[in-house]
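Heads up, data_15.txt below (compact mmCIF, C-alpha atoms):
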# COMPACT_ATOMS: atom_id res chain seq x y z
CA MET B 1 -4.18 -3.29 -42.24
CA ALA B 2 -3.24 -1.67 -45.55
CA ARG B 3 -4.40 -4.74 -47.49
CA ARG B 4 -7.44 -4.27 -49.63
CA PRO B 5 -10.69 -6.03 -48.66
CA GLY B 6 -11.24 -9.33 -50.38
CA ARG B 7 -7.73 -9.58 -51.76
CA PRO B 8 -6.86 -13.27 -51.92
CA ARG B 9 -3.66 -14.64 -50.37
CA ALA B 10 -0.94 -16.39 -52.25
CA SER B 11 -1.14 -20.08 -51.37
CA GLY B 12 2.02 -21.97 -50.49
CA ASP B 13 3.36 -19.12 -48.40
CA PRO B 14 4.33 -20.78 -45.11
CA HIS B 15 3.73 -17.52 -43.23
CA GLY B 16 0.47 -16.74 -44.97
CA GLU B 17 -1.69 -19.09 -42.91
CA ARG B 18 -0.46 -17.71 -39.65
CA ASP B 19 -0.93 -14.15 -40.88
CA THR B 20 -4.46 -14.90 -42.00
CA ARG B 21 -5.36 -16.32 -38.63
CA GLN B 22 -3.99 -13.26 -36.82
CA ASP B 23 -5.58 -10.86 -39.30
CA VAL B 24 -8.95 -12.53 -38.70
CA LEU B 25 -8.52 -12.24 -34.93
CA ASP B 26 -7.50 -8.57 -35.20
CA ALA B 27 -10.37 -7.70 -37.51
CA ALA B 28 -12.91 -9.55 -35.38
CA ALA B 29 -11.62 -7.91 -32.18
CA ALA B 30 -11.96 -4.45 -33.70
CA LEU B 31 -15.50 -5.14 -34.89
CA PHE B 32 -16.66 -6.89 -31.67
CA CYS B 33 -15.40 -3.95 -29.60
CA THR B 34 -16.88 -1.20 -31.75
CA VAL B 35 -19.87 -2.47 -33.72
CA GLY B 36 -20.61 -5.22 -31.19
CA PHE B 37 -20.47 -9.00 -31.32
CA THR B 38 -24.05 -9.62 -32.42
CA SER B 39 -23.92 -7.10 -35.25
CA THR B 40 -20.71 -8.55 -36.66
CA SER B 41 -20.90 -11.26 -39.32
CA THR B 42 -18.06 -13.51 -40.46
CA ARG B 43 -18.51 -11.76 -43.80
CA SER B 44 -17.75 -8.35 -42.28
CA VAL B 45 -14.76 -9.88 -40.46
CA ALA B 46 -13.50 -11.28 -43.77
CA GLU B 47 -13.95 -7.90 -45.45
CA ARG B 48 -12.07 -6.05 -42.73
CA ALA B 49 -9.30 -8.64 -42.58
CA GLY B 50 -8.96 -8.61 -46.36
CA VAL B 51 -9.41 -12.35 -46.66
CA ARG B 52 -12.04 -14.57 -48.24
CA GLN B 53 -14.83 -15.78 -45.98
CA ALA B 54 -13.80 -19.38 -46.68
CA SER B 55 -10.36 -18.63 -45.25
CA ILE B 56 -11.95 -17.80 -41.90
CA TYR B 57 -13.57 -21.23 -41.76
CA HIS B 58 -10.22 -22.81 -42.50
CA HIS B 59 -9.01 -21.46 -39.12
CA PHE B 60 -12.16 -21.13 -37.01
CA ALA B 61 -15.42 -23.06 -36.76
CA GLY B 62 -17.25 -19.73 -36.75
CA LYS B 63 -17.81 -16.45 -34.96
CA ASP B 64 -18.06 -18.08 -31.51
CA ALA B 65 -14.70 -19.81 -32.02
CA ILE B 66 -13.08 -16.49 -32.92
CA LEU B 67 -14.54 -14.85 -29.80
CA LEU B 68 -13.37 -17.80 -27.68
CA GLU B 69 -9.81 -17.37 -28.96
CA LEU B 70 -9.90 -13.64 -28.19
CA LEU B 71 -11.25 -14.27 -24.68
CA LEU B 72 -8.63 -16.96 -24.00
CA GLY B 73 -5.95 -14.45 -24.95
CA THR B 74 -7.08 -12.25 -22.03
CA VAL B 75 -6.66 -14.99 -19.39
CA ARG B 76 -4.25 -17.70 -20.63
CA PRO B 77 -1.03 -15.71 -20.09
CA SER B 78 -2.13 -14.83 -16.55
CA VAL B 79 -3.05 -18.45 -15.77
CA GLU B 80 0.38 -19.58 -17.01
CA LEU B 81 2.11 -16.98 -14.86
CA ALA B 82 -0.06 -17.92 -11.86
CA ASP B 83 0.83 -21.59 -12.30
CA ALA B 84 4.52 -20.73 -12.53
CA LEU B 85 4.32 -18.52 -9.44
CA ALA B 86 2.36 -21.10 -7.42
CA SER B 87 5.46 -23.09 -6.64
CA GLY B 88 7.73 -20.06 -6.21
CA ALA B 89 10.06 -19.54 -3.28
CA GLU B 90 9.30 -15.82 -2.94
CA GLY B 91 6.81 -14.67 -0.34
CA ALA B 92 3.10 -14.85 -1.20
CA ALA B 93 2.73 -11.05 -1.16
CA ALA B 94 5.46 -10.63 -3.80
CA ARG B 95 3.94 -13.37 -5.98
CA LEU B 96 0.46 -11.89 -5.70
CA TRP B 97 1.81 -8.41 -6.50
CA ALA B 98 3.58 -9.81 -9.58
CA LEU B 99 0.48 -11.67 -10.78
CA ALA B 100 -1.88 -8.72 -10.30
CA HIS B 101 0.58 -6.39 -12.03
CA ALA B 102 1.03 -8.66 -15.05
CA ASP B 103 -2.71 -9.32 -15.25
CA VAL B 104 -3.52 -5.59 -15.30
CA ARG B 105 -0.83 -5.03 -17.91
CA LEU B 106 -2.41 -7.77 -20.04
CA LEU B 107 -5.93 -6.36 -19.65
CA THR B 108 -4.75 -2.85 -20.54
CA SER B 109 -2.46 -3.93 -23.40
CA GLY B 110 -3.30 -3.70 -27.07
CA PRO B 111 -5.49 -1.12 -28.73
CA LEU B 112 -8.80 -2.82 -27.79
CA ASN B 113 -10.51 -3.46 -24.48
CA LEU B 114 -11.19 -7.16 -25.00
CA GLY B 115 -12.16 -7.67 -21.35
CA ALA B 116 -15.35 -5.77 -22.10
CA LEU B 117 -16.46 -8.85 -24.04
CA TYR B 118 -16.67 -10.84 -20.76
CA VAL B 119 -20.14 -9.49 -20.08
CA LEU B 120 -21.66 -10.38 -23.46
CA PRO B 121 -24.79 -12.50 -22.89
CA GLU B 122 -23.46 -14.99 -25.46
CA VAL B 123 -20.35 -15.73 -23.39
CA ALA B 124 -22.49 -17.50 -20.79
CA GLY B 125 -22.96 -20.36 -23.29
CA GLU B 126 -21.40 -23.83 -23.22
CA GLN B 127 -19.23 -23.08 -26.27
CA PHE B 128 -17.17 -20.77 -24.04
CA ALA B 129 -16.57 -23.41 -21.35
CA GLU B 130 -12.81 -23.34 -21.93
CA PHE B 131 -12.69 -19.61 -21.21
CA HIS B 132 -14.70 -20.06 -18.02
CA ALA B 133 -12.46 -22.95 -16.94
CA GLN B 134 -9.34 -20.81 -17.44
CA ARG B 135 -10.87 -17.91 -15.54
CA ASP B 136 -11.95 -20.25 -12.71
CA ARG B 137 -8.39 -21.51 -12.52
CA LEU B 138 -7.05 -17.95 -12.39
CA ARG B 139 -9.58 -17.08 -9.65
CA ALA B 140 -8.49 -20.14 -7.64
CA ARG B 141 -4.84 -19.05 -7.92
CA TYR B 142 -5.75 -15.54 -6.68
CA ASP B 143 -7.70 -17.10 -3.79
CA GLU B 144 -4.73 -19.31 -2.84
CA LEU B 145 -2.32 -16.39 -2.89
CA ALA B 146 -4.74 -14.15 -0.96
CA ALA B 147 -5.14 -16.86 1.69
CA ALA B 148 -1.34 -17.20 1.92
CA VAL B 149 -0.88 -13.43 2.33
CA VAL B 150 -3.32 -13.14 5.24
CA ALA B 151 -2.55 -15.80 7.77
CA ASP B 152 -5.70 -15.21 9.84
CA GLY B 153 -8.15 -16.90 7.46
CA SER B 154 -9.83 -13.70 6.22
CA GLY B 155 -8.22 -14.23 2.80
CA ALA B 156 -10.97 -16.58 1.65
CA GLU B 157 -13.57 -13.85 2.06
CA ARG B 158 -11.37 -11.23 0.40
CA GLY B 159 -10.13 -13.36 -2.51
CA PRO B 160 -13.01 -12.40 -4.81
CA LEU B 161 -12.34 -8.71 -4.12
CA VAL B 162 -8.79 -9.20 -5.39
CA LEU B 163 -9.83 -10.50 -8.81
CA GLY B 164 -12.55 -7.83 -8.83
CA LEU B 165 -10.02 -5.04 -8.29
CA VAL B 166 -7.74 -6.43 -11.02
CA GLU B 167 -10.55 -6.73 -13.54
CA SER B 168 -11.95 -3.31 -12.65
CA VAL B 169 -9.41 -1.94 -15.13
CA ILE B 170 -11.77 -3.19 -17.84
CA LEU B 171 -14.37 -0.60 -16.84
CA ARG B 172 -11.69 2.04 -16.32
CA ARG B 173 -10.39 1.57 -19.87
CA ARG B 174 -13.95 2.04 -21.03
CA ASP B 175 -14.14 5.35 -19.15
CA SER B 176 -10.77 6.73 -20.07
CA ALA B 177 -8.87 6.28 -23.31
CA SER B 178 -5.62 7.62 -21.85
CA LEU B 179 -4.77 5.36 -18.92
CA ASP B 180 -1.09 4.98 -18.10
CA PRO B 181 -0.87 1.15 -18.07
CA VAL B 182 2.18 0.91 -15.79
CA ALA B 183 0.89 3.47 -13.28
CA VAL B 184 -2.49 1.72 -13.18
CA ALA B 185 -0.84 -1.70 -12.76
CA ASP B 186 1.33 -0.35 -9.91
CA ALA B 187 -1.69 1.18 -8.16
CA VAL B 188 -3.84 -1.95 -8.56
CA ALA B 189 -1.09 -4.35 -7.41
CA ASP B 190 -0.45 -2.14 -4.34
CA GLY B 191 -4.22 -1.95 -3.79
CA VAL B 192 -4.57 -5.73 -3.88
CA LEU B 193 -2.15 -6.07 -0.97
CA ARG B 194 -3.78 -3.15 0.87
CA LEU B 195 -7.15 -4.95 0.48
CA LEU B 196 -5.60 -7.92 2.25
CA GLY B 197 -4.51 -5.72 5.14
CA CYS B 198 -0.78 -5.46 4.32
CA ASP B 199 0.90 -2.38 5.75
CA GLU B 200 2.93 0.01 3.58
CA GLY B 201 6.25 -1.58 4.57
CA ARG B 202 5.15 -5.03 3.47
CA ILE B 203 3.72 -3.62 0.23
CA ALA B 204 6.99 -1.85 -0.59
CA ALA B 205 8.96 -5.04 0.10
CA ALA B 206 6.60 -7.10 -2.09
CA ARG B 207 6.92 -4.59 -4.92
CA THR B 208 10.71 -4.81 -4.81
CA ALA B 209 10.73 -8.61 -4.61
CA ALA B 210 8.17 -8.90 -7.43
CA ALA B 211 10.52 -7.16 -9.83
CA ALA B 212 12.74 -10.25 -9.74
CA LEU B 213 9.84 -12.58 -10.52
CA VAL B 214 8.63 -11.46 -13.96
CA MET O 1 -45.30 -10.79 -16.89
CA ALA O 2 -48.29 -13.09 -17.27
CA ARG O 3 -49.87 -10.79 -19.85
CA ARG O 4 -50.05 -12.11 -23.37
CA PRO O 5 -47.90 -10.51 -26.07
CA GLY O 6 -49.59 -7.77 -28.04
CA ARG O 7 -52.60 -7.51 -25.79
CA PRO O 8 -53.71 -3.88 -25.83
CA ARG O 9 -54.23 -1.88 -22.64
CA ALA O 10 -57.50 -0.34 -21.61
CA SER O 11 -57.20 3.39 -22.18
CA GLY O 12 -58.40 5.84 -19.54
CA ASP O 13 -56.79 3.85 -16.73
CA PRO O 14 -54.80 6.45 -14.79
CA HIS O 15 -52.34 3.79 -13.67
CA GLY O 16 -52.03 2.24 -17.12
CA GLU O 17 -49.55 4.75 -18.50
CA ARG O 18 -47.20 4.35 -15.62
CA ASP O 19 -47.52 0.57 -15.80
CA THR O 20 -46.82 0.60 -19.52
CA ARG O 21 -43.67 2.64 -19.04
CA GLN O 22 -42.40 0.28 -16.36
CA ASP O 23 -43.43 -2.81 -18.33
CA VAL O 24 -41.45 -1.50 -21.31
CA LEU O 25 -38.39 -0.88 -19.13
CA ASP O 26 -38.65 -4.36 -17.57
CA ALA O 27 -39.09 -6.10 -20.91
CA ALA O 28 -36.24 -4.15 -22.51
CA ALA O 29 -33.92 -4.85 -19.57
CA ALA O 30 -34.62 -8.59 -19.79
CA LEU O 31 -33.96 -8.63 -23.54
CA PHE O 32 -30.87 -6.37 -23.43
CA CYS O 33 -29.34 -8.60 -20.72
CA THR O 34 -30.09 -11.94 -22.38
CA VAL O 35 -30.45 -11.52 -26.14
CA GLY O 36 -28.26 -8.41 -26.21
CA PHE O 37 -28.93 -4.76 -27.00
CA THR O 38 -28.18 -4.89 -30.71
CA SER O 39 -30.35 -7.93 -31.34
CA THR O 40 -33.34 -6.42 -29.57
CA SER O 41 -35.87 -4.42 -31.58
CA THR O 42 -38.55 -2.13 -30.17
CA ARG O 43 -40.96 -4.61 -31.71
CA SER O 44 -39.60 -7.47 -29.60
CA VAL O 45 -39.71 -5.21 -26.53
CA ALA O 46 -43.37 -4.44 -27.28
CA GLU O 47 -44.15 -8.14 -27.69
CA ARG O 48 -42.50 -9.07 -24.41
CA ALA O 49 -44.08 -6.17 -22.54
CA GLY O 50 -47.49 -7.02 -23.97
CA VAL O 51 -48.02 -3.53 -25.35
CA ARG O 52 -48.35 -2.09 -28.82
CA GLN O 53 -45.20 -0.75 -30.46
CA ALA O 54 -46.79 2.69 -30.72
CA SER O 55 -47.18 2.74 -26.92
CA ILE O 56 -43.41 2.49 -26.55
CA TYR O 57 -42.92 5.62 -28.63
CA HIS O 58 -45.43 7.42 -26.44
CA HIS O 59 -42.95 7.01 -23.56
CA PHE O 60 -39.54 6.76 -25.20
CA ALA O 61 -37.95 8.27 -28.30
CA GLY O 62 -36.59 4.82 -29.14
CA LYS O 63 -34.35 1.98 -28.05
CA ASP O 64 -31.48 4.28 -27.03
CA ALA O 65 -33.81 6.27 -24.77
CA ILE O 66 -34.95 3.06 -23.05
CA LEU O 67 -31.35 2.00 -22.49
CA LEU O 68 -30.49 5.47 -21.18
CA GLU O 69 -33.31 5.24 -18.61
CA LEU O 70 -32.12 1.79 -17.50
CA LEU O 71 -28.52 3.01 -17.17
CA LEU O 72 -29.59 6.10 -15.20
CA GLY O 73 -31.41 3.80 -12.79
CA THR O 74 -28.07 2.18 -11.91
CA VAL O 75 -26.37 5.47 -10.95
CA ARG O 76 -28.97 8.13 -10.07
CA PRO O 77 -29.88 6.74 -6.62
CA SER O 78 -26.17 6.54 -5.70
CA VAL O 79 -25.53 10.10 -6.93
CA GLU O 80 -28.44 11.36 -4.83
CA LEU O 81 -27.12 9.56 -1.77
CA ALA O 82 -23.60 10.84 -2.45
CA ASP O 83 -24.89 14.41 -2.70
CA ALA O 84 -26.83 14.02 0.55
CA LEU O 85 -23.78 12.54 2.28
CA ALA O 86 -21.41 15.23 0.97
CA SER O 87 -22.56 17.74 3.57
CA GLY O 88 -22.92 15.18 6.37
CA ALA O 89 -21.51 15.64 9.84
CA GLU O 90 -20.34 12.03 10.19
CA GLY O 91 -16.70 11.18 9.50
CA ALA O 92 -15.63 10.68 5.89
CA ALA O 93 -14.92 6.97 6.44
CA ALA O 94 -18.49 6.33 7.63
CA ARG O 95 -19.96 8.29 4.74
CA LEU O 96 -17.79 6.48 2.20
CA TRP O 97 -18.69 3.11 3.77
CA ALA O 98 -22.40 4.00 3.53
CA LEU O 99 -22.12 5.13 -0.09
CA ALA O 100 -20.14 2.07 -1.24
CA HIS O 101 -22.55 -0.24 0.59
CA ALA O 102 -25.67 1.33 -0.94
CA ASP O 103 -24.06 1.44 -4.38
CA VAL O 104 -23.21 -2.28 -4.28
CA ARG O 105 -26.73 -3.06 -3.03
CA LEU O 106 -28.12 -1.09 -6.00
CA LEU O 107 -25.84 -2.82 -8.52
CA THR O 108 -26.74 -6.26 -7.16
CA SER O 109 -30.47 -5.55 -6.75
CA GLY O 110 -33.16 -6.70 -9.13
CA PRO O 111 -33.16 -9.85 -11.21
CA LEU O 112 -30.93 -8.43 -13.98
CA ASN O 113 -27.33 -7.31 -14.05
CA LEU O 114 -27.91 -3.92 -15.71
CA GLY O 115 -24.37 -2.76 -14.95
CA ALA O 116 -23.18 -5.19 -17.62
CA LEU O 117 -24.68 -2.78 -20.15
CA TYR O 118 -22.03 -0.16 -19.24
CA VAL O 119 -19.55 -1.76 -21.61
CA LEU O 120 -21.79 -1.86 -24.68
CA PRO O 121 -20.03 -0.08 -27.55
CA GLU O 122 -23.21 1.92 -28.17
CA VAL O 123 -23.07 3.50 -24.70
CA ALA O 124 -20.00 5.51 -25.71
CA GLY O 125 -22.28 7.64 -27.92
CA GLU O 126 -23.44 11.21 -27.31
CA GLN O 127 -27.04 10.11 -26.71
CA PHE O 128 -25.87 8.64 -23.39
CA ALA O 129 -24.20 11.88 -22.22
CA GLU O 130 -26.58 12.18 -19.25
CA PHE O 131 -25.53 8.75 -17.99
CA HIS O 132 -21.85 9.62 -18.32
CA ALA O 133 -22.42 12.94 -16.55
CA GLN O 134 -24.13 11.19 -13.62
CA ARG O 135 -21.37 8.60 -13.41
CA ASP O 136 -18.69 11.33 -13.56
CA ARG O 137 -20.49 13.08 -10.70
CA LEU O 138 -20.55 9.85 -8.70
CA ARG O 139 -16.85 9.28 -9.41
CA ALA O 140 -16.07 12.82 -8.22
CA ARG O 141 -17.99 12.17 -4.98
CA TYR O 142 -16.01 8.96 -4.40
CA ASP O 143 -12.78 10.85 -5.07
CA GLU O 144 -13.72 13.59 -2.58
CA LEU O 145 -14.58 11.07 0.13
CA ALA O 146 -11.44 9.02 -0.56
CA ALA O 147 -9.32 12.17 -0.27
CA ALA O 148 -11.05 13.06 3.00
CA VAL O 149 -10.43 9.57 4.43
CA VAL O 150 -6.70 9.60 3.75
CA ALA O 151 -5.24 12.84 4.99
CA ASP O 152 -1.82 12.30 3.38
CA GLY O 153 -2.87 13.07 -0.20
CA SER O 154 -2.68 9.48 -1.50
CA GLY O 155 -6.49 9.47 -1.82
CA ALA O 156 -6.40 11.13 -5.23
CA GLU O 157 -4.40 8.25 -6.65
CA ARG O 158 -6.59 5.64 -4.97
CA GLY O 159 -9.99 7.22 -5.73
CA PRO O 160 -10.39 5.40 -9.07
CA LEU O 161 -9.65 2.08 -7.33
CA VAL O 162 -12.57 2.73 -4.99
CA LEU O 163 -15.15 3.09 -7.75
CA GLY O 164 -13.48 0.13 -9.50
CA LEU O 165 -13.89 -2.10 -6.47
CA VAL O 166 -17.55 -1.07 -6.07
CA GLU O 167 -18.34 -1.70 -9.73
CA SER O 168 -16.45 -5.01 -9.76
CA VAL O 169 -19.66 -6.55 -8.42
CA ILE O 170 -20.97 -6.25 -11.98
CA LEU O 171 -18.48 -8.87 -13.17
CA ARG O 172 -19.04 -10.96 -10.04
CA ARG O 173 -22.78 -11.12 -10.68
CA ARG O 174 -21.94 -12.30 -14.17
CA ASP O 175 -19.80 -15.11 -12.70
CA SER O 176 -22.11 -16.21 -9.93
CA ALA O 177 -25.89 -16.22 -9.91
CA SER O 178 -26.06 -16.78 -6.16
CA LEU O 179 -24.27 -13.84 -4.57
CA ASP O 180 -25.46 -12.80 -1.11
CA PRO O 181 -26.03 -9.07 -1.77
CA VAL O 182 -25.63 -7.92 1.84
CA ALA O 183 -22.51 -10.00 2.48
CA VAL O 184 -20.97 -8.72 -0.77
CA ALA O 185 -21.87 -5.12 0.08
CA ASP O 186 -20.33 -5.50 3.56
CA ALA O 187 -17.14 -6.99 2.11
CA VAL O 188 -16.81 -4.33 -0.60
CA ALA O 189 -17.50 -1.40 1.76
CA ASP O 190 -14.91 -2.76 4.23
CA GLY O 191 -12.54 -3.32 1.28
CA VAL O 192 -12.93 0.26 0.10
CA LEU O 193 -11.67 1.55 3.45
CA ARG O 194 -8.92 -1.06 3.56
CA LEU O 195 -7.80 0.15 0.09
CA LEU O 196 -7.44 3.62 1.59
CA GLY O 197 -5.22 2.27 4.35
CA CYS O 198 -7.75 2.33 7.22
CA ASP O 199 -6.94 -0.11 10.02
CA GLU O 200 -9.51 -2.63 11.26
CA GLY O 201 -10.54 -0.45 14.22
CA ARG O 202 -11.37 2.50 12.01
CA ILE O 203 -13.26 0.24 9.58
CA ALA O 204 -15.37 -1.23 12.40
CA ALA O 205 -16.16 2.27 13.71
CA ALA O 206 -17.12 3.47 10.21
CA ARG O 207 -19.39 0.45 9.73
CA THR O 208 -21.22 1.18 12.96
CA ALA O 209 -21.54 4.89 12.23
CA ALA O 210 -22.72 4.21 8.66
CA ALA O 211 -25.73 2.30 9.95
CA ALA O 212 -27.14 5.59 11.22
CA LEU O 213 -26.67 7.30 7.83
CA VAL O 214 -28.87 5.32 5.46

If you convert what's in this file into structure tokens, what do you get?
Amino acid sequence: MARRPGRPRASGDPHGERDTRQDVLDAAAALFCTVGFTSTSTRSVAERAGVRQASIYHHFAGKDAILLELLLGTVRPSVELADALASGAEGAAARLWALAHADVRLLTSGPLNLGALYVLPEVAGEQFAEFHAQRDRLRARYDELAAAVVADGSGAERGPLVLGLVESVILRRRDSASLDPVAVADAVADGVLRLLGCDEGRIAAARTAAAALV
Amino acid sequence: MARRPGRPRASGDPHGERDTRQDVLDAAAALFCTVGFTSTSTRSVAERAGVRQASIYHHFAGKDAILLELLLGTVRPSVELADALASGAEGAAARLWALAHADVRLLTSGPLNLGALYVLPEVAGEQFAEFHAQRDRLRARYDELAAAVVADGSGAERGPLVLGLVESVILRRRDSASLDPVAVADAVADGVLRLLGCDEGRIAAARTAAAALV
């Protein structure tokens, strides 16, 4: 961050390439979330990251590819956790609590509200297919867990509400700069089970069991 | 919509001014939601609306003022309903069900997902203070009703989840073009009460009583 704009990197530094890539992602994220995606050029990203514009194209095909990587970062860890939890021995309520909690923590982590980029008109395009595929997979995992928590078949109808409640933290971050991420994650994960009709005893048990899962 | 770009309006038509204002709002909404806010100029709004650029400035101070009007349209009707319901004789659960249902219907109505504009970086600015004030008022009404539904004091903690669940339909519209607005509103309004710990009997009673309220 303290680097001067446009300052070239020493070549041959084995860590330099990785740093450049991350610096580009950080700079782009900051600009996309403040100035906006459309108003941000790869040139302004390069300036903010303190790298040459050509260095960006060494790592990314362009602005869309940078946005795709940022979007994937908001779902990939949750998909990996959901996949790992899918075959778990713990009860479905505990696994769902653990997933919702981790997902909220991810969406509220870092200085920028990257989830707000989900609603950009551009993100509807084919070049973001990998992001949509990952999010579809995450949604399917939530639906499976919701269906397993409520044995009476009403889980299918309520599954979309579960992902909706988790992702509602995106709008809440927008409204309030001073959210307590752990308190919000606790409240949302409890709320997810309440949405599925769990009573307070089952929620408390799931919360305790979830602690062992992540 | 069938009017040709740039075609001037007949002056002296008493309905023309109102039509122009609405045409500008419709054209701007379509552009903001597809091309994006930043990429849209008042000139492109004028072209799409089929009015002269000067006509826009007769009705709006500029692009921000158009966006403000569109944003207010997504909250003002719900605030008015919430105010009317605040002094109602029906139980709090029925009033909250009715408010959540109407709010979801509003957010899923019309051809465009205007709620997606909430997360634009620009909307954080002072020129949108009226929108934020209306939304704060709506949030306060939800919090009051949530607190009235749960007598044990846990409503204060869960109030933000309620508005979050209602507004999660914004992201759902983004994901799926073919939502059934009434089915979604029913599911969300039921879900709001479930979040507050209401049992199925109380939810069914609230749903029935809410029908008389709106």

**Message:** Please compute the CA of Val104 in chain B-CA of Ala185 in chain B distance, one decimal, in Å.
**Reply:**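 That distance, rounded to one decimal, is 5.4 Å.
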
At a cut-off of 12 Å from (-19.1, -14.9, -5.2) in the coordinates of the file, what residues are picked up using all atoms listed in the file, written as a PDB file with C-alpha atoms, in the frame of the given file?
ATOM      1  CA  ASP B 136     -11.950 -20.250 -12.710  1.00  0.00           C
ATOM      2  CA  ARG B 139      -9.580 -17.080  -9.650  1.00  0.00           C
ATOM      3  CA  ASP B 143      -7.700 -17.100  -3.790  1.00  0.00           C
ATOM      4  CA  ALA B 156     -10.970 -16.580   1.650  1.00  0.00           C
ATOM      5  CA  GLU B 157     -13.570 -13.850   2.060  1.00  0.00           C
ATOM      6  CA  ARG B 158     -11.370 -11.230   0.400  1.00  0.00           C
ATOM      7  CA  GLY B 159     -10.130 -13.360  -2.510  1.00  0.00           C
ATOM      8  CA  PRO B 160     -13.010 -12.400  -4.810  1.00  0.00           C
ATOM      9  CA  LEU B 161     -12.340  -8.710  -4.120  1.00  0.00           C
ATOM     10  CA  VAL B 162      -8.790  -9.200  -5.390  1.00  0.00           C
ATOM     11  CA  LEU B 163      -9.830 -10.500  -8.810  1.00  0.00           C
ATOM     12  CA  GLY B 164     -12.550  -7.830  -8.830  1.00  0.00           C
TER      13      GLY B 164
ATOM     14  CA  THR O 108     -26.740  -6.260  -7.160  1.00  0.00           C
ATOM     15  CA  SER O 168     -16.450  -5.010  -9.760  1.00  0.00           C
ATOM     16  CA  VAL O 169     -19.660  -6.550  -8.420  1.00  0.00           C
ATOM     17  CA  ILE O 170     -20.970  -6.250 -11.980  1.00  0.00           C
ATOM     18  CA  LEU O 171     -18.480  -8.870 -13.170  1.00  0.00           C
ATOM     19  CA  ARG O 172     -19.040 -10.960 -10.040  1.00  0.00           C
ATOM     20  CA  ARG O 173     -22.780 -11.120 -10.680  1.00  0.00           C
ATOM     21  CA  ARG O 174     -21.940 -12.300 -14.170  1.00  0.00           C
ATOM     22  CA  ASP O 175     -19.800 -15.110 -12.700  1.00  0.00           C
ATOM     23  CA  SER O 176     -22.110 -16.210  -9.930  1.00  0.00           C
ATOM     24  CA  ALA O 177     -25.890 -16.220  -9.910  1.00  0.00           C
ATOM     25  CA  SER O 178     -26.060 -16.780  -6.160  1.00  0.00           C
ATOM     26  CA  LEU O 179     -24.270 -13.840  -4.570  1.00  0.00           C
ATOM     27  CA  ASP O 180     -25.460 -12.800  -1.110  1.00  0.00           C
ATOM     28  CA  PRO O 181     -26.030  -9.070  -1.770  1.00  0.00           C
ATOM     29  CA  VAL O 182     -25.630  -7.920   1.840  1.00  0.00           C
ATOM     30  CA  ALA O 183     -22.510 -10.000   2.480  1.00  0.00           C
ATOM     31  CA  VAL O 184     -20.970  -8.720  -0.770  1.00  0.00           C
ATOM     32  CA  ALA O 185     -21.870  -5.120   0.080  1.00  0.00           C
ATOM     33  CA  ALA O 187     -17.140  -6.990   2.110  1.00  0.00           C
ATOM     34  CA  VAL O 188     -16.810  -4.330  -0.600  1.00  0.00           C
TER      35      VAL O 188
END

**Asked** Suppose you want the space between CA of Ala147 in chain B and CA of Asp83 in chain B; what is it in Å?
**Response**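 Going from CA of Ala147 in chain B over to CA of Asp83 in chain B covers 15.9 Å.
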
**Message:** Select, as number ranges by chain, those residues of chain O with any atom no more than 6 Å from chain B (distances computed using all atoms listed in the file).
**Reply:** O: 34, 116, 119, 121, 164-165, 168, 191, 194-195

**Point-to-point distance from CA of Ala86 in chain O to CA of Gln127 in chain O, Å rounded to tenths** =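 Atom-to-atom, CA of Ala86 in chain O and CA of Gln127 in chain O are spaced 28.7 Å apart.
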
Coordinates of box centre and edge lengths for range 101-120 of chain O, 5 Å on every side, axis-aligned, as JSON:
{"center_x": -26.4, "center_y": -4.2, "center_z": -12.0, "size_x": 23.6, "size_y": 21.3, "size_z": 35.3}

**Prompt:** Counting only C-alpha atoms, which of B:Ala93, B:Phe128, B:Arg105, B:Arg202 gets nearest to Glu144 in chain B?
**Reply:** B:Ala93

**Message:** Residues near His59 in chain B, anyone? I mean within 8 Å using only C-alpha atoms, not counting same-chain ones fewer than 3 positions away, as a ChimeraX atom specification.
**Reply:** /B:21,55-56
